[in-house]
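> Contents are mmCIF, C-alpha atoms; file name query-v7.cif:
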```
data_run
#
loop_
_atom_site.group_PDB
_atom_site.id
_atom_site.type_symbol
_atom_site.label_atom_id
_atom_site.label_comp_id
_atom_site.auth_asym_id
_atom_site.auth_seq_id
_atom_site.Cartn_x
_atom_site.Cartn_y
_atom_site.Cartn_z
ATOM 1 C CA MET A 1 59.671 23.137 80.980
ATOM 2 C CA TRP A 2 58.766 19.572 80.014
ATOM 3 C CA THR A 3 58.913 20.579 76.342
ATOM 4 C CA HIS A 4 62.568 21.730 76.500
ATOM 5 C CA ALA A 5 64.026 20.649 73.146
ATOM 6 C CA ALA A 6 67.496 19.981 74.576
ATOM 7 C CA TRP A 7 66.093 17.146 76.703
ATOM 8 C CA LEU A 8 64.959 15.059 73.714
ATOM 9 C CA GLY A 9 67.451 12.292 73.062
ATOM 10 C CA ARG A 10 69.395 13.294 76.176
ATOM 11 C CA HIS A 11 66.900 12.683 78.995
ATOM 12 C CA MET A 12 63.794 11.653 77.048
ATOM 13 C CA PRO A 13 63.175 9.528 73.970
ATOM 14 C CA ASN A 14 63.547 11.215 70.609
ATOM 15 C CA PRO A 15 61.262 11.509 68.731
ATOM 16 C CA LEU A 16 58.572 12.009 71.346
ATOM 17 C CA PRO A 17 55.137 13.492 70.571
ATOM 18 C CA GLN A 18 54.368 16.803 72.249
ATOM 19 C CA ARG A 19 51.465 15.245 74.144
ATOM 20 C CA GLU A 20 53.746 12.583 75.663
ATOM 21 C CA ARG A 21 56.544 14.827 76.944
ATOM 22 C CA LEU A 22 54.933 15.655 80.267
ATOM 23 C CA ARG A 23 54.461 11.931 80.918
ATOM 24 C CA ALA A 24 58.184 11.398 80.283
ATOM 25 C CA TYR A 25 59.121 14.380 82.446
ATOM 26 C CA SER A 26 56.999 13.056 85.316
ATOM 27 C CA THR A 27 59.255 10.004 85.523
ATOM 28 C CA PHE A 28 62.190 12.338 86.276
ATOM 29 C CA CYS A 29 60.561 14.765 88.692
ATOM 30 C CA ASN A 30 57.297 14.847 90.622
ATOM 31 C CA ALA A 31 56.632 18.597 90.265
ATOM 32 C CA VAL A 32 56.753 21.204 87.536
ATOM 33 C CA GLU A 33 56.645 24.984 87.229
ATOM 34 C CA GLY A 34 53.871 26.024 84.880
ATOM 35 C CA ASN A 35 55.478 28.934 83.049
ATOM 36 C CA THR A 36 53.388 28.618 79.901
ATOM 37 C CA THR A 37 50.227 29.640 81.767
ATOM 38 C CA PHE A 38 51.762 33.106 82.235
ATOM 39 C CA TYR A 39 51.565 33.668 78.480
ATOM 40 C CA ALA A 40 48.142 32.150 77.841
ATOM 41 C CA THR A 41 45.377 30.350 79.683
ATOM 42 C CA PRO A 42 45.526 26.732 78.491
ATOM 43 C CA SER A 43 42.663 25.163 76.596
ATOM 44 C CA PRO A 44 40.442 22.567 78.313
ATOM 45 C CA ASP A 45 41.888 19.933 75.990
ATOM 46 C CA THR A 46 45.430 20.839 77.065
ATOM 47 C CA VAL A 47 44.533 20.547 80.748
ATOM 48 C CA ARG A 48 42.861 17.172 80.139
ATOM 49 C CA SER A 49 46.103 16.036 78.510
ATOM 50 C CA TRP A 50 48.066 17.095 81.603
ATOM 51 C CA VAL A 51 45.719 15.038 83.759
ATOM 52 C CA GLU A 52 46.067 11.991 81.510
ATOM 53 C CA GLN A 53 49.873 12.171 81.565
ATOM 54 C CA THR A 54 50.383 12.474 85.326
ATOM 55 C CA SER A 55 49.482 10.656 88.504
ATOM 56 C CA PRO A 56 47.253 12.339 91.116
ATOM 57 C CA ASP A 57 50.250 13.031 93.388
ATOM 58 C CA PHE A 58 52.159 14.957 90.711
ATOM 59 C CA ARG A 59 52.543 18.651 91.622
ATOM 60 C CA PHE A 60 51.696 21.522 89.303
ATOM 61 C CA ILE A 61 52.638 25.018 90.473
ATOM 62 C CA LEU A 62 51.030 27.164 87.796
ATOM 63 C CA LYS A 63 51.811 30.807 87.175
ATOM 64 C CA LEU A 64 48.792 33.093 86.926
ATOM 65 C CA PRO A 65 48.371 34.635 83.471
ATOM 66 C CA ARG A 66 50.166 37.872 82.639
ATOM 67 C CA PRO A 67 46.972 39.951 82.243
ATOM 68 C CA ILE A 68 46.203 39.298 85.927
ATOM 69 C CA THR A 69 49.599 39.918 87.503
ATOM 70 C CA HIS A 70 51.424 42.271 85.145
ATOM 71 C CA ASP A 71 48.976 44.036 82.827
ATOM 72 C CA ARG A 72 46.196 44.741 85.338
ATOM 73 C CA ARG A 73 48.431 44.385 88.423
ATOM 74 C CA LEU A 74 45.808 42.376 90.339
ATOM 75 C CA THR A 75 42.968 44.892 89.961
ATOM 76 C CA ASN A 76 39.744 44.350 87.977
ATOM 77 C CA VAL A 77 40.793 40.775 87.212
ATOM 78 C CA GLU A 78 37.644 38.858 88.148
ATOM 79 C CA GLU A 79 36.899 37.711 84.599
ATOM 80 C CA PRO A 80 40.358 36.404 83.567
ATOM 81 C CA LEU A 81 40.866 34.889 87.024
ATOM 82 C CA ARG A 82 37.543 33.030 86.855
ATOM 83 C CA ALA A 83 38.349 31.756 83.362
ATOM 84 C CA PHE A 84 41.749 30.491 84.495
ATOM 85 C CA LEU A 85 40.434 28.778 87.618
ATOM 86 C CA ASN A 86 37.646 27.111 85.662
ATOM 87 C CA VAL A 87 39.956 25.677 83.031
ATOM 88 C CA ILE A 88 42.476 24.218 85.515
ATOM 89 C CA GLU A 89 39.807 22.648 87.722
ATOM 90 C CA PRO A 90 40.285 19.133 86.223
ATOM 91 C CA LEU A 91 43.801 19.031 87.684
ATOM 92 C CA GLY A 92 42.217 18.411 91.078
ATOM 93 C CA PRO A 93 44.831 17.340 93.655
ATOM 94 C CA ARG A 94 47.619 17.844 91.114
ATOM 95 C CA MET A 95 47.121 21.610 91.496
ATOM 96 C CA HIS A 96 49.620 22.031 94.318
ATOM 97 C CA ALA A 97 49.698 25.840 94.339
ATOM 98 C CA LEU A 98 48.819 28.845 92.239
ATOM 99 C CA TRP A 99 51.881 30.987 91.653
ATOM 100 C CA VAL A 100 51.409 34.751 91.813
ATOM 101 C CA GLN A 101 54.627 36.068 90.273
ATOM 102 C CA LEU A 102 54.686 39.864 90.438
ATOM 103 C CA PRO A 103 56.727 42.247 88.259
ATOM 104 C CA PRO A 104 59.850 43.936 89.673
ATOM 105 C CA SER A 105 57.982 47.256 89.755
ATOM 106 C CA PHE A 106 55.346 45.842 92.122
ATOM 107 C CA GLY A 107 56.555 47.335 95.378
ATOM 108 C CA PRO A 108 55.399 48.341 98.849
ATOM 109 C CA GLY A 109 52.971 50.877 97.428
ATOM 110 C CA ASP A 110 51.084 48.037 95.748
ATOM 111 C CA LEU A 111 50.521 45.921 98.856
ATOM 112 C CA GLY A 112 46.957 47.132 99.159
ATOM 113 C CA ALA A 113 46.188 45.684 95.725
ATOM 114 C CA LEU A 114 47.881 42.417 96.690
ATOM 115 C CA ALA A 115 45.912 42.181 99.936
ATOM 116 C CA ALA A 116 42.590 42.834 98.196
ATOM 117 C CA PHE A 117 43.421 40.267 95.510
ATOM 118 C CA LEU A 118 44.494 37.520 97.915
ATOM 119 C CA HIS A 119 41.439 37.989 100.123
ATOM 120 C CA GLN A 120 39.099 37.502 97.159
ATOM 121 C CA LEU A 121 40.651 34.213 96.056
ATOM 122 C CA PRO A 122 38.777 30.935 96.616
ATOM 123 C CA LYS A 123 39.948 29.032 99.676
ATOM 124 C CA ASP A 124 40.200 25.648 97.948
ATOM 125 C CA HIS A 125 43.637 26.384 96.462
ATOM 126 C CA ARG A 126 47.058 27.083 97.919
ATOM 127 C CA TYR A 127 48.748 30.306 96.834
ATOM 128 C CA ALA A 128 52.416 31.190 96.542
ATOM 129 C CA VAL A 129 53.524 34.777 95.917
ATOM 130 C CA GLU A 130 56.840 35.749 94.320
ATOM 131 C CA VAL A 131 57.959 39.375 94.705
ATOM 132 C CA ARG A 132 61.008 40.886 93.031
ATOM 133 C CA HIS A 133 61.022 44.500 94.238
ATOM 134 C CA PRO A 134 64.268 45.113 96.207
ATOM 135 C CA ALA A 135 62.446 46.901 99.053
ATOM 136 C CA PHE A 136 60.945 43.641 100.314
ATOM 137 C CA PHE A 137 64.454 42.270 100.847
ATOM 138 C CA GLU A 138 66.342 45.401 101.898
ATOM 139 C CA ALA A 139 63.898 47.028 104.330
ATOM 140 C CA GLN A 140 62.794 45.075 107.401
ATOM 141 C CA ARG A 141 59.615 47.142 107.547
ATOM 142 C CA TRP A 142 58.404 45.916 104.164
ATOM 143 C CA ASP A 143 59.573 42.344 104.733
ATOM 144 C CA GLN A 144 57.450 42.251 107.890
ATOM 145 C CA HIS A 145 54.502 43.950 106.217
ATOM 146 C CA LEU A 146 54.459 41.443 103.355
ATOM 147 C CA THR A 147 54.965 38.528 105.744
ATOM 148 C CA ARG A 148 51.944 39.590 107.813
ATOM 149 C CA LEU A 149 49.839 39.997 104.684
ATOM 150 C CA LEU A 150 50.731 36.504 103.417
ATOM 151 C CA ASN A 151 50.221 34.959 106.842
ATOM 152 C CA ASP A 152 46.739 36.469 107.008
ATOM 153 C CA VAL A 153 45.678 34.404 103.975
ATOM 154 C CA SER A 154 47.979 31.384 104.537
ATOM 155 C CA ALA A 155 49.927 32.119 101.347
ATOM 156 C CA GLU A 156 53.582 31.182 100.845
ATOM 157 C CA TRP A 157 56.415 33.566 99.921
ATOM 158 C CA VAL A 158 58.220 31.956 96.956
ATOM 159 C CA THR A 159 62.003 32.036 97.301
ATOM 160 C CA PHE A 160 63.946 32.762 94.120
ATOM 161 C CA ASP A 161 67.605 32.127 94.930
ATOM 162 C CA SER A 162 69.934 33.621 92.322
ATOM 163 C CA THR A 163 72.927 34.112 94.632
ATOM 164 C CA THR A 164 74.951 31.353 92.939
ATOM 165 C CA LEU A 165 74.262 32.778 89.483
ATOM 166 C CA PHE A 166 75.520 36.221 90.512
ATOM 167 C CA ALA A 167 78.396 35.054 92.715
ATOM 168 C CA SER A 168 80.930 35.655 89.931
ATOM 169 C CA PRO A 169 80.883 37.001 86.349
ATOM 170 C CA PRO A 170 79.146 34.892 83.665
ATOM 171 C CA THR A 171 81.203 32.441 81.636
ATOM 172 C CA SER A 172 78.709 31.260 78.996
ATOM 173 C CA ASP A 173 76.130 32.775 76.677
ATOM 174 C CA GLY A 174 73.360 31.307 78.806
ATOM 175 C CA GLU A 175 74.790 32.854 81.953
ATOM 176 C CA ARG A 176 75.205 36.239 80.271
ATOM 177 C CA GLU A 177 71.564 36.165 79.212
ATOM 178 C CA ALA A 178 70.484 35.105 82.699
ATOM 179 C CA TRP A 179 72.463 37.990 84.194
ATOM 180 C CA MET A 180 70.405 40.363 82.060
ATOM 181 C CA LYS A 181 67.004 38.800 82.785
ATOM 182 C CA LYS A 182 67.034 37.242 86.258
ATOM 183 C CA PRO A 183 66.494 39.231 89.465
ATOM 184 C CA ARG A 184 69.496 39.704 91.727
ATOM 185 C CA LEU A 185 68.025 39.009 95.152
ATOM 186 C CA PRO A 186 69.413 37.717 98.465
ATOM 187 C CA ARG A 187 68.766 34.160 99.593
ATOM 188 C CA ARG A 188 65.668 33.919 101.763
ATOM 189 C CA ALA A 189 65.129 30.634 103.604
ATOM 190 C CA HIS A 190 62.015 31.192 105.702
ATOM 191 C CA ALA A 191 58.836 29.170 105.200
ATOM 192 C CA LEU A 192 55.495 30.793 105.997
ATOM 193 C CA THR A 193 53.372 27.683 105.451
ATOM 194 C CA ALA A 194 53.695 23.912 105.480
ATOM 195 C CA HIS A 195 54.302 24.034 101.709
ATOM 196 C CA PRO A 196 57.383 26.190 100.999
ATOM 197 C CA VAL A 197 58.472 26.741 97.394
ATOM 198 C CA VAL A 198 62.118 27.316 96.396
ATOM 199 C CA ARG A 199 63.347 28.251 92.931
ATOM 200 C CA PHE A 200 67.133 27.866 92.749
ATOM 201 C CA ILE A 201 69.188 28.916 89.732
ATOM 202 C CA GLY A 202 72.798 27.826 89.494
ATOM 203 C CA ARG A 203 75.427 27.974 86.770
ATOM 204 C CA ASP A 204 76.042 26.114 83.530
ATOM 205 C CA ASP A 205 79.016 24.566 85.348
ATOM 206 C CA GLU A 206 77.358 21.692 87.238
ATOM 207 C CA ALA A 207 79.989 21.632 89.975
ATOM 208 C CA ARG A 208 79.299 25.284 90.801
ATOM 209 C CA THR A 209 75.565 24.609 90.812
ATOM 210 C CA ILE A 210 75.986 21.731 93.257
ATOM 211 C CA GLU A 211 78.259 23.839 95.446
ATOM 212 C CA GLY A 212 75.718 26.662 95.388
ATOM 213 C CA TRP A 213 72.790 24.572 96.608
ATOM 214 C CA GLN A 214 74.630 23.191 99.659
ATOM 215 C CA PRO A 215 72.966 25.649 102.116
ATOM 216 C CA TRP A 216 69.559 24.439 100.937
ATOM 217 C CA LEU A 217 70.167 20.804 101.858
ATOM 218 C CA ASP A 218 69.941 21.400 105.593
ATOM 219 C CA VAL A 219 67.106 23.907 105.168
ATOM 220 C CA VAL A 220 64.976 21.498 103.152
ATOM 221 C CA ALA A 221 65.844 18.577 105.417
ATOM 222 C CA GLY A 222 64.835 20.696 108.397
ATOM 223 C CA TRP A 223 61.484 21.501 106.815
ATOM 224 C CA LEU A 224 60.875 17.825 106.164
ATOM 225 C CA HIS A 225 61.729 16.934 109.760
ATOM 226 C CA GLU A 226 59.191 19.572 110.850
ATOM 227 C CA GLY A 227 56.497 17.848 108.786
ATOM 228 C CA LYS A 228 56.500 20.426 105.993
ATOM 229 C CA SER A 229 56.204 19.443 102.328
ATOM 230 C CA PRO A 230 58.594 21.659 100.342
ATOM 231 C CA THR A 231 58.823 21.882 96.572
ATOM 232 C CA VAL A 232 62.253 22.741 95.158
ATOM 233 C CA PHE A 233 63.004 23.548 91.525
ATOM 234 C CA ILE A 234 66.584 23.389 90.256
ATOM 235 C CA HIS A 235 67.518 25.527 87.265
ATOM 236 C CA THR A 236 70.653 26.430 85.353
ATOM 237 C CA PRO A 237 70.887 29.145 82.699
ATOM 238 C CA ASP A 238 70.690 26.614 79.853
ATOM 239 C CA ASN A 239 68.637 24.020 81.807
ATOM 240 C CA VAL A 240 70.188 21.254 79.690
ATOM 241 C CA ASN A 241 70.810 18.938 82.640
ATOM 242 C CA ALA A 242 68.274 20.413 85.057
ATOM 243 C CA PRO A 243 66.314 17.120 85.460
ATOM 244 C CA ILE A 244 69.475 15.214 86.421
ATOM 245 C CA LEU A 245 70.528 17.959 88.816
ATOM 246 C CA ALA A 246 67.067 18.010 90.391
ATOM 247 C CA ARG A 247 67.301 14.290 91.031
ATOM 248 C CA ARG A 248 70.765 14.702 92.520
ATOM 249 C CA PHE A 249 69.471 17.412 94.865
ATOM 250 C CA HIS A 250 66.662 15.087 95.923
ATOM 251 C CA ASP A 251 69.143 12.270 96.560
ATOM 252 C CA GLU A 252 71.368 14.554 98.649
ATOM 253 C CA VAL A 253 68.369 15.563 100.761
ATOM 254 C CA ARG A 254 67.522 11.864 101.213
ATOM 255 C CA THR A 255 70.928 11.280 102.820
ATOM 256 C CA ARG A 256 69.706 13.646 105.556
ATOM 257 C CA VAL A 257 66.101 12.399 105.557
ATOM 258 C CA PRO A 258 66.195 8.638 104.787
ATOM 259 C CA ASP A 259 62.405 8.342 105.044
ATOM 260 C CA LEU A 260 61.971 10.660 102.046
ATOM 261 C CA ALA A 261 60.592 8.587 99.162
ATOM 262 C CA PRO A 262 62.826 8.230 96.099
ATOM 263 C CA LEU A 263 61.815 9.764 92.816
ATOM 264 C CA PRO A 264 60.453 7.426 90.123
ATOM 265 C CA GLU A 265 62.812 5.663 87.747
ATOM 266 C CA PRO A 266 63.104 7.690 84.511
ATOM 267 C CA ILE A 267 62.030 6.144 81.256
ATOM 268 C CA PRO A 268 64.964 5.256 78.971
ATOM 269 C CA ALA A 269 66.100 8.023 76.649
ATOM 270 C CA GLY A 270 66.616 5.613 73.762
ATOM 271 C CA PRO A 271 64.559 5.777 70.575
ATOM 272 C CA ALA A 272 60.811 5.468 71.094
ATOM 273 C CA THR A 273 59.353 2.247 69.697
ATOM 274 C CA LEU A 274 55.901 0.806 69.161
ATOM 275 C CA PHE A 275 56.656 -2.432 71.052
#
```
For this file, produce the structure as structure tokens.

Amino acid sequence: MWTHAAWLGRHMPNPLPQRERLRAYSTFCNAVEGNTTFYATPSPDTVRSWVEQTSPDFRFILKLPRPITHDRRLTNVEEPLRAFLNVIEPLGPRMHALWVQLPPSFGPGDLGALAAFLHQLPKDHRYAVEVRHPAFFEAQRWDQHLTRLLNDVSAEWVTFDSTTLFASPPTSDGEREAWMKKPRLPRRAHALTAHPVVRFIGRDDEARTIEGWQPWLDVVAGWLHEGKSPTVFIHTPDNVNAPILARRFHDEVRTRVPDLAPLPEPIPAGPATLF
């Protein structure tokens, strides 16, 4: 997401070299979803660039590559998994969690494959699993089964909250596209580990986005009071002002948890200069 073209000149300097955009993004937010790793395992040079552009406490939550989760559906994946883990090793403490996003067709009948996969993973990483099959949300039996499986390996259940997006019909092109592509799932606000992960998607109307995240403020504040370390990502269909909204969410949580550290001060979005 740090390469989003709409952010140049609005939230980040423009022009800004590709290899400097993550550095600029990291002054807005202290965590990022690694969506690009779903489409291709990054090169060693790319990962070294990520290390150079971020501080050791910056959080990467990287999606496992598509061949592992979608094409091979977690079976016979030793080779691509090893290649991916080897290339991201330089991230060190920045590697907050590996994100196992599963296709909507991955349902209760596939839990055996998920269990076998999770049990073979190295123990030196955190893992966060995102399921989209309706059965895990509609049937208590399968919710409990998946919860037990994740608890057995200390993996988190990623929450994708699209309730605000689907609360009323779309009013923009971005919202119409999101309605076609995003899963329509109920809000789930239960943490399995000390490191919960929430992905919230609102509307292109900022006021409706802010209204929609209100239930999360007390949830996240509660986790922080319990000593947990949640990571929350704020999205809108067009994501144009997502960094500003993420900072506002953080500030609203800080009103409930004053000890929460502020985010860094963003770099100016004015023209980049040499001096």
> Here's a test: counting all atoms listed in the file, identify every protein, DNA and RNA residue with an atom at most 12 Å from (61.7, 44.7, 102.3) in the file's coordinate frame, and state them as an MDAnalysis selection string.
chainID A and resid 107:109 111 131:147 185:186 188
> So which residues get picked by the PyMOL selection byres ((chain A and resi 246) around 9) here, written as a PyMOL selection string?
chain A and resi 28-29+232-235+241-245+247-251
> Taking only C-alpha atoms into account, which of A:Trp179, A:Ala115, A:Ala221, A:Thr236 comes nearest Arg203 of chain A?
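That would be A:Thr236, the residue with the smallest distance to Arg203 of chain A.
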> To one decimal in Å, tell me the separation between atom CA of Val47 of chain A and atom CA of Ala83 of chain A.
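Result for atom CA of Val47 of chain A versus atom CA of Ala83 of chain A: 13.1 Å, one decimal.
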> Find the smallest box with edges along x, y and z containing every listed atom of segment 153-162 of chain A, then add 8 Å on each side and report centre and edge lengths in Å to one decimal, as AutoDock Vina command-line options.

```
--center_x 57.8 --center_y 32.8 --center_z 98.4 --size_x 40.3 --size_y 19.2 --size_z 28.2
```
> Have a look at A:Trp213, A:Trp99, A:Trp50, A:Phe117 and name the one nearest to Glu156 of chain A; count only C-alpha atoms.
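Nearest to Glu156 of chain A: A:Trp99.
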> Using all atoms listed in the file, which residues sit within 9 Å of Pro268 of chain A once same-chain residues fewer than 6 positions away are excluded, as a count of residues only?
3
> What does the structure give for the distance between atom CA of Ser154 of chain A and atom CA of Thr231 of chain A, in Å to one decimal?
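Atom CA of Ser154 of chain A sits 16.5 Å away from atom CA of Thr231 of chain A.
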> Report as a PyMOL selection string the residues that result from applying the PyMOL selection byres ((chain A and resi 170) around 12) to the structure here.
chain A and resi 164-169+171-180+202-205+208+237
> Tell me which residues the PyMOL selection byres ((chain A and resi 120-130) around 9) grabs here, as a tab-separated table (two decimals) with C-alpha atoms, keeping the file's coordinate frame.

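For reference, part.tsv as written:
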```tsv
chain	number	residue	atom	x	y	z
A	61	ILE	CA	52.64	25.02	90.47
A	95	MET	CA	47.12	21.61	91.50
A	96	HIS	CA	49.62	22.03	94.32
A	97	ALA	CA	49.70	25.84	94.34
A	98	LEU	CA	48.82	28.84	92.24
A	99	TRP	CA	51.88	30.99	91.65
A	100	VAL	CA	51.41	34.75	91.81
A	101	GLN	CA	54.63	36.07	90.27
A	102	LEU	CA	54.69	39.86	90.44
A	103	PRO	CA	56.73	42.25	88.26
A	115	ALA	CA	45.91	42.18	99.94
A	116	ALA	CA	42.59	42.83	98.20
A	117	PHE	CA	43.42	40.27	95.51
A	118	LEU	CA	44.49	37.52	97.92
A	119	HIS	CA	41.44	37.99	100.12
A	131	VAL	CA	57.96	39.38	94.70
A	132	ARG	CA	61.01	40.89	93.03
A	150	LEU	CA	50.73	36.50	103.42
A	153	VAL	CA	45.68	34.40	103.98
A	154	SER	CA	47.98	31.38	104.54
A	155	ALA	CA	49.93	32.12	101.35
A	156	GLU	CA	53.58	31.18	100.84
A	157	TRP	CA	56.42	33.57	99.92
A	158	VAL	CA	58.22	31.96	96.96
A	159	THR	CA	62.00	32.04	97.30
A	160	PHE	CA	63.95	32.76	94.12
A	195	HIS	CA	54.30	24.03	101.71
A	196	PRO	CA	57.38	26.19	101.00
A	197	VAL	CA	58.47	26.74	97.39
```
> Leaving out Pro42 of chain A and any residue of its chain fewer than 5 positions from it, which residues lie within 9 Å of it when counting all atoms listed in the file, given as a PyMOL selection string?
chain A and resi 36-37+47+84+87-88
> Using Å and a single decimal, report how far atom CA of Gly112 of chain A sits from atom CA of Lys182 of chain A.
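Between atom CA of Lys182 of chain A and atom CA of Gly112 of chain A the gap works out to 25.8 Å.
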> Tell me which of A:Phe106, A:Trp2, A:Phe38, A:Tyr25 sits closest to Ser55 of chain A, counting all atoms listed in the file.
A:Tyr25
> Which one of A:Asn239, A:Ser229, A:Thr54, A:Asn76 sits closest to Arg94 of chain A if you count all atoms listed in the file?
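Checking each of A:Asn239, A:Ser229, A:Thr54, A:Asn76 against Arg94 of chain A, counting all atoms listed in the file, the winner is A:Thr54.
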> I'd like the contact shell of Asn86 of chain A - 10 Å cut-off, all atoms listed in the file, skipping same-chain residues fewer than 5 positions apart - returned as an MDAnalysis selection string.
chainID A and resid 44 80:81
> In terms of the shortest atom-to-atom distance over all atoms listed in the file, which of A:Glu265, A:Glu206, A:Glu252, A:Glu79 is closest to Val240 of chain A?
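Among the listed residues, the smallest separation from Val240 of chain A belongs to A:Glu206.
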> Grab segment 66-81 of chain A from that structure and dump N, CA and C atoms to a file, as a compact mmCIF listing (two decimals), in the first residue's frame.

```txt
# COMPACT_ATOMS: atom_id res chain seq x y z
N ARG A 66 0.51 -16.52 -3.20
CA ARG A 66 -0.67 -17.20 -3.74
C ARG A 66 -0.45 -18.69 -4.01
N PRO A 67 0.70 -19.10 -4.56
CA PRO A 67 0.88 -20.54 -4.80
C PRO A 67 0.72 -21.38 -3.54
N ILE A 68 1.05 -20.82 -2.37
CA ILE A 68 0.95 -21.56 -1.12
C ILE A 68 -0.50 -21.66 -0.65
N THR A 69 -1.19 -20.52 -0.62
CA THR A 69 -2.51 -20.48 0.00
C THR A 69 -3.66 -20.79 -0.94
N HIS A 70 -3.55 -20.37 -2.20
CA HIS A 70 -4.67 -20.49 -3.12
C HIS A 70 -4.47 -21.58 -4.17
N ASP A 71 -3.29 -21.63 -4.79
CA ASP A 71 -3.08 -22.60 -5.86
C ASP A 71 -2.93 -24.01 -5.31
N ARG A 72 -2.06 -24.16 -4.30
CA ARG A 72 -1.83 -25.50 -3.72
C ARG A 72 -2.62 -25.73 -2.43
N ARG A 73 -3.30 -24.70 -1.96
CA ARG A 73 -4.20 -24.80 -0.80
C ARG A 73 -3.51 -25.47 0.39
N LEU A 74 -2.27 -25.02 0.64
CA LEU A 74 -1.47 -25.39 1.81
C LEU A 74 -0.89 -26.79 1.77
N THR A 75 -1.00 -27.50 0.67
CA THR A 75 -0.44 -28.85 0.60
C THR A 75 0.71 -28.88 -0.40
N ASN A 76 1.74 -29.66 -0.08
CA ASN A 76 2.93 -29.77 -0.94
C ASN A 76 3.54 -28.40 -1.23
N VAL A 77 3.73 -27.62 -0.17
CA VAL A 77 4.20 -26.24 -0.33
C VAL A 77 5.56 -26.02 0.32
N GLU A 78 6.27 -27.08 0.63
CA GLU A 78 7.54 -26.93 1.35
C GLU A 78 8.51 -26.04 0.60
N GLU A 79 8.64 -26.24 -0.71
CA GLU A 79 9.63 -25.48 -1.48
C GLU A 79 9.30 -23.99 -1.56
N PRO A 80 8.07 -23.60 -2.00
CA PRO A 80 7.80 -22.15 -2.04
C PRO A 80 7.76 -21.51 -0.66
N LEU A 81 7.36 -22.26 0.36
CA LEU A 81 7.36 -21.71 1.71
C LEU A 81 8.78 -21.44 2.18
```
